[in-house]
file structure-v1.cif (mmCIF, C-alpha atoms)
data_work
#
loop_
_atom_site.label_atom_id
_atom_site.label_comp_id
_atom_site.auth_asym_id
_atom_site.auth_seq_id
_atom_site.Cartn_x
_atom_site.Cartn_y
_atom_site.Cartn_z
CA MET A 1 113.57 103.99 109.55
CA THR A 2 109.99 103.86 110.78
CA GLY A 3 109.15 101.57 107.87
CA TRP A 4 111.65 98.93 109.05
CA TRP A 5 110.11 98.92 112.51
CA VAL A 6 106.62 98.59 111.00
CA LEU A 7 107.88 95.73 108.83
CA ALA A 8 109.33 93.97 111.88
CA ALA A 9 106.09 94.48 113.81
CA ALA A 10 104.07 93.09 110.88
CA LEU A 11 106.25 89.96 110.79
CA VAL A 12 105.82 89.41 114.53
CA ALA A 13 102.05 89.96 114.21
CA THR A 14 101.93 87.42 111.37
CA PHE A 15 103.60 84.76 113.54
CA LEU A 16 101.26 85.48 116.46
CA VAL A 17 98.12 85.32 114.29
CA ALA A 18 99.35 82.15 112.55
CA PHE A 19 99.93 80.35 115.86
CA ALA A 20 96.66 81.65 117.32
CA ALA A 21 94.77 80.45 114.22
CA ARG A 22 96.36 77.01 114.47
CA ALA A 23 95.40 76.76 118.14
CA VAL A 24 91.84 78.04 117.79
CA ASN A 25 90.75 76.48 114.50
CA GLY A 26 88.50 73.50 114.98
CA ARG A 27 88.80 73.44 118.76
CA PHE A 28 85.47 72.56 120.31
CA ARG A 29 84.40 74.45 123.37
CA SER A 30 81.66 73.59 125.77
CA THR A 31 78.58 75.77 125.64
CA GLY A 32 77.56 75.19 129.24
CA SER A 33 76.15 78.61 129.96
CA ASP A 34 78.09 81.24 128.03
CA GLY A 35 77.39 79.75 124.63
CA VAL A 36 73.63 79.93 125.00
CA PRO A 37 72.27 83.08 123.39
CA ALA A 38 69.91 85.27 125.35
CA THR A 39 67.14 85.05 122.77
CA GLU A 40 67.08 81.27 122.96
CA ASP A 41 64.95 79.33 125.43
CA ALA A 42 66.65 78.34 128.65
CA GLU A 43 67.60 74.89 127.40
CA GLY A 44 69.68 76.20 124.48
CA ARG A 45 67.86 74.21 121.86
CA PHE A 46 68.79 74.78 118.24
CA ASP A 47 65.66 74.95 116.12
CA LEU A 48 66.31 72.27 113.51
CA GLY A 49 62.61 72.25 112.66
CA ALA A 50 62.96 75.72 111.13
CA LEU A 51 65.43 74.17 108.67
CA GLY A 52 63.04 71.29 108.00
CA ARG A 53 65.32 68.81 109.76
CA ARG A 54 65.06 66.59 112.82
CA PRO A 55 67.79 65.83 115.38
CA GLY A 56 69.85 62.67 114.82
CA GLU A 57 69.29 59.76 117.18
CA THR A 58 72.61 60.21 118.94
CA ALA A 59 73.80 63.64 117.85
CA THR A 60 73.49 66.26 115.14
CA LEU A 61 76.36 68.16 113.53
CA VAL A 62 75.38 71.58 112.19
CA GLN A 63 77.85 73.20 109.80
CA PHE A 64 77.55 76.88 108.92
CA SER A 65 79.05 77.40 105.48
CA SER A 66 79.36 80.17 102.94
CA ALA A 67 80.38 80.34 99.32
CA PHE A 68 83.42 82.40 100.29
CA CYS A 69 84.91 79.68 102.39
CA GLN A 70 87.60 77.31 101.23
CA PRO A 71 87.94 75.34 104.51
CA CYS A 72 84.19 74.59 104.45
CA ARG A 73 84.75 71.90 101.85
CA ALA A 74 87.26 70.01 103.98
CA THR A 75 84.94 70.34 106.97
CA ARG A 76 82.02 68.93 104.97
CA ALA A 77 84.11 65.86 104.15
CA VAL A 78 85.17 65.44 107.80
CA LEU A 79 81.59 65.62 109.09
CA ALA A 80 80.43 63.12 106.45
CA GLN A 81 83.13 60.70 107.64
CA VAL A 82 82.04 61.09 111.25
CA ALA A 83 78.40 60.50 110.31
CA GLU A 84 79.49 57.25 108.65
CA LEU A 85 81.58 56.15 111.61
CA VAL A 86 79.12 56.95 114.39
CA PRO A 87 75.63 55.53 114.02
CA GLY A 88 72.73 57.93 114.53
CA VAL A 89 74.66 61.09 113.73
CA GLU A 90 72.95 63.50 111.35
CA VAL A 91 74.73 66.28 109.47
CA VAL A 92 72.92 69.53 108.68
CA GLU A 93 74.62 72.18 106.57
CA VAL A 94 73.37 75.74 106.91
CA ASP A 95 74.12 78.34 104.24
CA ALA A 96 75.12 81.21 106.52
CA GLU A 97 74.18 83.91 104.01
CA ALA A 98 70.70 82.50 103.54
CA HIS A 99 70.18 82.23 107.32
CA LEU A 100 71.66 85.42 108.69
CA GLU A 101 69.04 85.39 111.47
CA LEU A 102 70.52 82.13 112.78
CA VAL A 103 74.03 83.49 112.30
CA ARG A 104 73.18 86.49 114.44
CA GLU A 105 71.12 84.63 117.02
CA TRP A 106 73.89 82.11 117.64
CA GLY A 107 76.80 84.53 117.34
CA VAL A 108 78.48 82.85 114.37
CA LEU A 109 81.41 84.98 113.21
CA ARG A 110 83.23 82.69 110.83
CA THR A 111 82.64 79.88 108.42
CA PRO A 112 82.95 77.03 108.93
CA THR A 113 81.40 76.95 112.37
CA VAL A 114 80.35 73.52 113.62
CA PHE A 115 77.75 72.93 116.33
CA VAL A 116 77.37 69.59 118.09
CA LEU A 117 73.79 69.05 119.27
CA ASP A 118 72.81 66.24 121.61
CA SER A 119 69.94 63.88 120.85
CA SER A 120 67.40 66.42 122.12
CA GLY A 121 68.78 69.13 119.83
CA ARG A 122 70.55 71.06 122.57
CA LEU A 123 73.79 72.82 121.64
CA VAL A 124 76.59 71.26 123.68
CA ARG A 125 79.81 71.96 121.77
CA ARG A 126 80.86 74.43 119.11
CA ALA A 127 83.98 75.15 117.08
CA SER A 128 84.94 77.75 114.50
CA GLY A 129 87.47 77.01 111.79
CA ALA A 130 87.99 73.61 110.17
CA PRO A 131 88.15 70.81 112.77
CA SER A 132 89.99 67.52 112.28
CA ARG A 133 88.11 64.22 112.26
CA ASP A 134 89.45 63.34 115.71
CA GLN A 135 88.30 66.68 117.12
CA VAL A 136 84.77 66.07 115.82
CA LEU A 137 84.75 62.47 117.07
CA ALA A 138 85.83 63.60 120.55
CA ALA A 139 83.16 66.32 120.64
CA VAL A 140 80.47 63.86 119.53
CA ALA A 141 81.58 61.37 122.19
CA GLU A 142 81.24 64.08 124.83
CA ALA A 143 77.82 65.05 123.49
CA ILE A 144 76.57 61.47 123.74
CA GLU A 145 77.68 61.05 127.36
CA MET B 1 84.98 79.48 88.24
CA GLN B 2 87.61 77.22 89.76
CA VAL B 3 91.28 78.03 90.27
CA ASP B 4 94.39 76.10 91.24
CA PRO B 5 94.66 77.04 94.96
CA ARG B 6 98.44 77.34 94.68
CA GLY B 7 97.99 80.33 92.36
CA PRO B 8 96.55 82.68 95.02
CA ARG B 9 99.21 81.46 97.48
CA VAL B 10 102.02 82.40 95.11
CA ALA B 11 100.27 85.69 94.31
CA ALA B 12 100.00 86.39 98.06
CA ALA B 13 103.74 85.79 98.48
CA LEU B 14 104.51 88.27 95.68
CA THR B 15 102.00 90.74 97.16
CA ALA B 16 103.72 90.45 100.55
CA ALA B 17 107.11 91.14 98.97
CA VAL B 18 105.78 94.25 97.20
CA LEU B 19 104.10 95.55 100.38
CA ALA B 20 107.29 94.95 102.39
CA VAL B 21 109.22 97.03 99.84
CA ALA B 22 106.54 99.75 100.11
CA LEU B 23 107.16 99.94 103.87
CA VAL B 24 110.90 100.54 103.64
CA VAL B 25 111.41 102.76 100.58
CA PRO B 26 111.18 106.56 100.98
CA SER B 27 108.40 108.72 99.59
CA PRO B 28 107.51 109.12 96.70
CA ALA B 29 108.69 105.58 95.72
CA ARG B 30 106.49 104.31 98.55
CA GLU B 31 103.32 105.77 97.06
CA ILE B 32 104.25 104.54 93.58
CA VAL B 33 104.81 100.97 94.80
CA LEU B 34 101.49 101.06 96.66
CA ALA B 35 99.73 102.44 93.56
CA VAL B 36 101.12 99.58 91.46
CA GLN B 37 99.88 97.08 94.04
CA ALA B 38 96.49 98.84 94.05
CA VAL B 39 96.22 98.31 90.29
CA VAL B 40 97.07 94.62 90.75
CA PHE B 41 94.42 94.26 93.48
CA ALA B 42 91.87 96.07 91.30
CA LEU B 43 92.55 93.69 88.41
CA GLY B 44 92.11 90.72 90.75
CA ALA B 45 88.96 92.10 92.34
CA PHE B 46 87.15 93.39 89.25
CA VAL B 47 88.50 91.34 86.31
CA GLY B 48 89.36 88.06 88.04
CA VAL B 49 92.13 86.49 90.12
CA GLY B 50 93.66 85.09 86.94
CA ALA B 51 94.02 88.57 85.44
CA THR B 52 96.78 89.85 87.72
CA PRO B 53 100.41 89.82 86.60
CA TYR B 54 101.17 87.63 89.63
CA ALA B 55 98.67 85.02 88.46
CA GLN B 56 100.14 85.23 84.94
CA LEU B 57 103.60 84.64 86.38
CA PHE B 58 102.28 81.62 88.27
CA ALA B 59 100.49 80.23 85.20
CA ARG B 60 103.43 80.70 82.82
CA VAL B 61 106.48 80.09 85.01
CA VAL B 62 105.58 78.23 88.21
CA ARG B 63 102.68 76.00 87.29
CA PRO B 64 104.30 74.22 84.30
CA ARG B 65 106.98 72.99 86.73
CA LEU B 66 104.47 71.62 89.26
CA ALA B 67 102.36 68.48 89.28
CA ALA B 68 98.67 68.85 88.47
CA PRO B 69 96.67 70.23 91.40
CA THR B 70 95.04 67.68 93.68
CA GLU B 71 92.11 70.00 94.33
CA TRP B 72 90.54 73.12 92.92
CA GLU B 73 89.01 76.02 94.75
CA ASP B 74 86.26 78.49 94.07
CA ALA B 75 87.62 81.71 92.60
CA ARG B 76 85.23 83.93 94.58
CA PRO B 77 86.96 83.85 98.01
CA PRO B 78 90.37 84.95 96.69
CA GLN B 79 88.61 87.49 94.47
CA PHE B 80 86.80 88.97 97.47
CA ALA B 81 90.10 89.04 99.36
CA GLN B 82 91.63 91.07 96.51
CA LEU B 83 88.89 93.66 97.05
CA VAL B 84 89.70 93.79 100.78
CA GLY B 85 93.38 94.20 99.90
CA LEU B 86 92.52 97.01 97.49
CA ILE B 87 90.60 98.88 100.20
CA PHE B 88 93.55 98.64 102.60
CA VAL B 89 96.07 99.81 100.01
CA VAL B 90 93.85 102.72 98.91
CA VAL B 91 93.51 103.77 102.58
CA ALA B 92 97.30 103.50 102.94
CA ILE B 93 97.92 105.70 99.89
CA ALA B 94 95.37 108.25 101.15
CA GLY B 95 97.10 108.27 104.54
CA PHE B 96 100.58 108.87 103.10
CA LEU B 97 99.38 111.51 100.62
CA THR B 98 97.44 113.49 103.23
CA GLY B 99 100.24 113.39 105.77
CA ILE B 100 98.50 110.95 108.12
CA THR B 101 101.56 108.72 107.95
CA VAL B 102 100.43 106.53 110.85
CA LEU B 103 97.33 105.52 108.88
CA GLY B 104 99.49 104.76 105.85
CA PHE B 105 101.81 102.51 107.84
CA VAL B 106 99.03 100.74 109.73
CA ALA B 107 96.99 100.00 106.59
CA THR B 108 100.06 98.81 104.67
CA ALA B 109 101.12 96.61 107.58
CA ALA B 110 97.59 95.11 107.87
CA ALA B 111 97.59 94.23 104.17
CA LEU B 112 101.09 92.77 104.55
CA VAL B 113 100.06 90.57 107.50
CA ALA B 114 97.04 89.30 105.54
CA ALA B 115 99.16 88.50 102.47
CA LEU B 116 101.83 86.74 104.57
CA LEU B 117 99.24 84.62 106.38
CA ASN B 118 97.72 83.60 103.07
CA ALA B 119 101.12 82.74 101.58
CA ALA B 120 102.44 80.93 104.66
CA ILE B 121 99.50 78.95 106.07
CA GLY B 122 96.72 79.45 103.52
CA LEU B 123 94.63 81.48 105.95
CA CYS B 124 92.54 84.00 104.00
CA LEU B 125 91.77 86.90 106.37
CA GLY B 126 89.76 88.71 103.70
CA CYS B 127 87.57 85.62 103.32
CA GLU B 128 87.09 85.41 107.10
CA LEU B 129 85.76 88.97 106.99
CA TYR B 130 83.11 88.09 104.43
CA LEU B 131 80.45 86.74 106.81
CA ILE B 132 81.00 89.59 109.28
CA THR B 133 80.53 92.18 106.52
CA ARG B 134 77.34 90.41 105.42
CA ARG B 135 76.04 90.48 109.00
CA LEU B 136 76.82 94.18 109.31
CA ALA B 137 75.37 95.01 105.90
CA THR B 138 72.01 93.44 106.69
CA SER B 139 71.79 94.81 110.24
CA LEU B 140 72.44 98.32 108.93
CA ALA B 141 69.97 97.97 106.07
#
call {"tool": "encode", "arguments": {"input": "structure-v1.cif", "output": "structure tokens"}}
result
Amino acid sequence: MTGWWVLAAALVATFLVAFAARAVNGRFRSTGSDGVPATEDAEGRFDLGALGRRPGETATLVQFSSAFCQPCRATRAVLAQVAELVPGVEVVEVDAEAHLELVREWGVLRTPTVFVLDSSGRLVRRASGAPSRDQVLAAVAEAIE
Amino acid sequence: MQVDPRGPRVAAALTAAVLAVALVVPSPAREIVLAVQAVVFALGAFVGVGATPYAQLFARVVRPRLAAPTEWEDARPPQFAQLVGLIFVVVAIAGFLTGITVLGFVATAAALVAALLNAAIGLCLGCELYLITRRLATSLA
């Protein structure tokens, strides 16, 4: 009898996780104060120089990826589209496994995670899970403001 | 290696069905069903995702009736997820055999939720764990 109850609970849990994943994936949140890690300087600047890259003229999209990540491929395509649509947007892809120090410093838990940096390289929006093109466009528009 | 992404989805659906059966049958059938699933996970994790009977079923019965895949995926994420599944099922068997039934049920249910999510919406919980385990591994080292 217990097994049936556990089965029912597992089905309910599956629905809850599925809806939560749909709601959370790709949603950009503002990184006003809480998103800035303690080890970073007060302005919350993401050190693109350490990756040998410079900020884009209007915004930079940083994608954390890993080999074990199917949605990363879709996200890569979405970011490339946005970079084509919006002038001055640079895309930087970070291999999370090769840059675990950045992963830890910036509290990245999943791949893909996308950061939107403003023209000065400051982190202003972030999302985990694959975002849609419209979600990225909206986040970039907010970053440019 | 690349795989047709629909293969792991079908395999996940079959895995979910087997785990659901494991939850509701009495002991010792329960432990036997879990042991069979453990062997399937081990094949997937250590030989390759194409080596499981579920993948064979997909390749021989389901796939010939479908159109060609529009995209391919890396075989490593589903393979890693098979390893995560194996760990959960082994913990479940250990729980049931040692009388810690709660552990057995919880571990089986966790594996079932992961398999259902993969089958239903393509979310691979085992893959999501990968980066976190890498973070932990290097911070402990």
call {"tool": "closest_atom_pairs", "arguments": {"input": "structure-v1.cif", "of": "chain B", "to": "chain A", "cutoff": "9 Å", "atoms": "all atoms listed in the file", "output": "tab-separated table"}}
result
residue	atom	partner	partner_atom	distance
B:Ala20	CA	A:Leu7	CA	6.5
B:Ala22	CA	A:Gly3	CA	8.4
B:Leu23	CA	A:Gly3	CA	4.8
B:Val24	CA	A:Gly3	CA	4.7
B:Val25	CA	A:Gly3	CA	7.7
B:Pro26	CA	A:Gly3	CA	8.7
B:Glu73	CA	A:Gln70	CA	6.8
B:Asp74	CA	A:Gln70	CA	7.4
B:Ala75	CA	A:Phe68	CA	8.8
B:Arg76	CA	A:Phe68	CA	6.2
B:Pro77	CA	A:Phe68	CA	4.5
B:Pro78	CA	A:Phe68	CA	8.2
B:Phe80	CA	A:Phe68	CA	7.9
B:Phe105	CA	A:Val6	CA	7.0
B:Val106	CA	A:Val6	CA	8.0
B:Ala109	CA	A:Ala10	CA	5.7
B:Ala110	CA	A:Ala10	CA	7.4
B:Leu112	CA	A:Ala10	CA	7.0
B:Val113	CA	A:Thr14	CA	5.3
B:Ala114	CA	A:Thr14	CA	7.8
B:Leu116	CA	A:Thr14	CA	6.8
B:Leu117	CA	A:Thr14	CA	6.3
B:Ala120	CA	A:Ala18	CA	8.6
B:Ile121	CA	A:Ala18	CA	7.2
B:Leu123	CA	A:Ala18	CA	8.1
B:Cys124	CA	A:Gln70	CA	8.8
B:Cys127	CA	A:Phe68	CA	6.1
B:Glu128	CA	A:Arg110	CA	6.0
B:Leu129	CA	A:Arg110	CA	7.8
B:Tyr130	CA	A:Phe68	CA	7.0
B:Leu131	CA	A:Arg110	CA	6.3
B:Ile132	CA	A:Leu109	CA	6.1
B:Arg134	CA	A:Glu97	CA	7.4
B:Arg135	CA	A:Leu100	CA	6.7
B:Thr138	CA	A:Leu100	CA	8.3
call {"tool": "resolve_selection", "arguments": {"input": "structure-v1.cif", "expression": "the PyMOL selection byres ((chain A and resi 133) around 10)", "output": "ChimeraX atom specification"}}
result
/A:26,75,77-82,130-132,134-139
call {"tool": "atom_distance", "arguments": {"input": "structure-v1.cif", "atom1": "atom CA of Arg6 of chain B", "atom2": "atom CA of Ile32 of chain B"}}
result
27.8 Å
call {"tool": "atom_distance", "arguments": {"input": "structure-v1.cif", "atom1": "atom CA of Val84 of chain B", "atom2": "atom CA of Arg76 of chain A"}}
result
26.4 Å
call {"tool": "atom_distance", "arguments": {"input": "structure-v1.cif", "atom1": "atom CA of Leu34 of chain B", "atom2": "atom CA of Phe46 of chain B"}}
result
17.9 Å
call {"tool": "axis_aligned_box", "arguments": {"input": "structure-v1.cif", "around": "segment 26-45 of chain B", "padding_each_side": "5 Å", "output": "lines of an AutoDock Vina configuration file"}}
result
center_x = 100.1
center_y = 99.9
center_z = 94.7
size_x = 32.2
size_y = 28.4
size_z = 22.6
call {"tool": "closest_residue", "arguments": {"input": "structure-v1.cif", "among": "A:Ala143, A:Val24, A:Ala98, A:Leu48", "to": "Val62 of chain A", "atoms": "all atoms listed in the file"}}
result
A:Leu48
call {"tool": "resolve_selection", "arguments": {"input": "structure-v1.cif", "expression": "the PyMOL selection byres ((chain B and resi 5) around 8)", "output": "list in words"}}
result
Val3, Asp4, Arg6, Gly7, Pro8, Arg9, Pro69, Glu71, Trp72 and Glu73 of chain B
call {"tool": "residues_around", "arguments": {"input": "structure-v1.cif", "residues": "segment 93-103 of chain B", "least_positions_apart": "4", "cutoff": "7 Å", "atoms": "only C-alpha atoms", "output": "list in words"}}
result
Glu31, Leu34, Val89 and Ala107 of chain B
call {"tool": "residues_around", "arguments": {"input": "structure-v1.cif", "residues": "Gly121 of chain A", "least_positions_apart": "4", "cutoff": "10 Å", "atoms": "only C-alpha atoms", "output": "JSON, numbers by chain"}}
result
{"A": [43, 44, 45, 46, 47, 48, 49, 54, 55, 56, 57, 58, 59, 60, 61, 116, 117]}
call {"tool": "closest_residue", "arguments": {"input": "structure-v1.cif", "among": "B:Gln2, B:Ala35, B:Ala92, B:Val18", "to": "Gly48 of chain B", "atoms": "all atoms listed in the file"}}
result
B:Gln2
call {"tool": "decode", "arguments": {"input": "structure-v1.cif", "residues": "segment 97-121 of chain B", "atoms": "C-alpha atoms", "output": "short mmCIF file (atom, residue, chain, number, x, y, z; two decimals), in the first residue's frame"}}
result
data_model
loop_
_atom_site.label_atom_id
_atom_site.label_comp_id
_atom_site.auth_asym_id
_atom_site.auth_seq_id
_atom_site.Cartn_x
_atom_site.Cartn_y
_atom_site.Cartn_z
CA LEU B 97 17.58 -5.11 1.67
CA THR B 98 18.79 -3.61 4.95
CA GLY B 99 15.30 -2.84 6.19
CA ILE B 100 15.61 0.93 5.78
CA THR B 101 12.45 0.88 3.68
CA VAL B 102 12.05 4.66 3.75
CA LEU B 103 15.40 5.06 1.98
CA GLY B 104 14.36 2.47 -0.59
CA PHE B 105 11.11 4.27 -1.36
CA VAL B 106 12.65 7.74 -1.44
CA ALA B 107 15.51 6.72 -3.76
CA THR B 108 13.16 4.81 -6.09
CA ALA B 109 10.74 7.75 -6.17
CA ALA B 110 13.59 10.20 -6.94
CA ALA B 111 14.74 8.06 -9.86
CA LEU B 112 11.13 7.79 -11.05
CA VAL B 113 10.62 11.57 -10.97
CA ALA B 114 13.85 12.09 -12.93
CA ALA B 115 12.85 9.51 -15.56
CA LEU B 116 9.33 10.97 -15.90
CA LEU B 117 10.67 14.51 -16.32
CA ASN B 118 13.05 13.32 -19.01
CA ALA B 119 10.31 11.41 -20.83
CA ALA B 120 7.67 14.13 -20.53
CA ILE B 121 9.49 17.44 -21.05
#
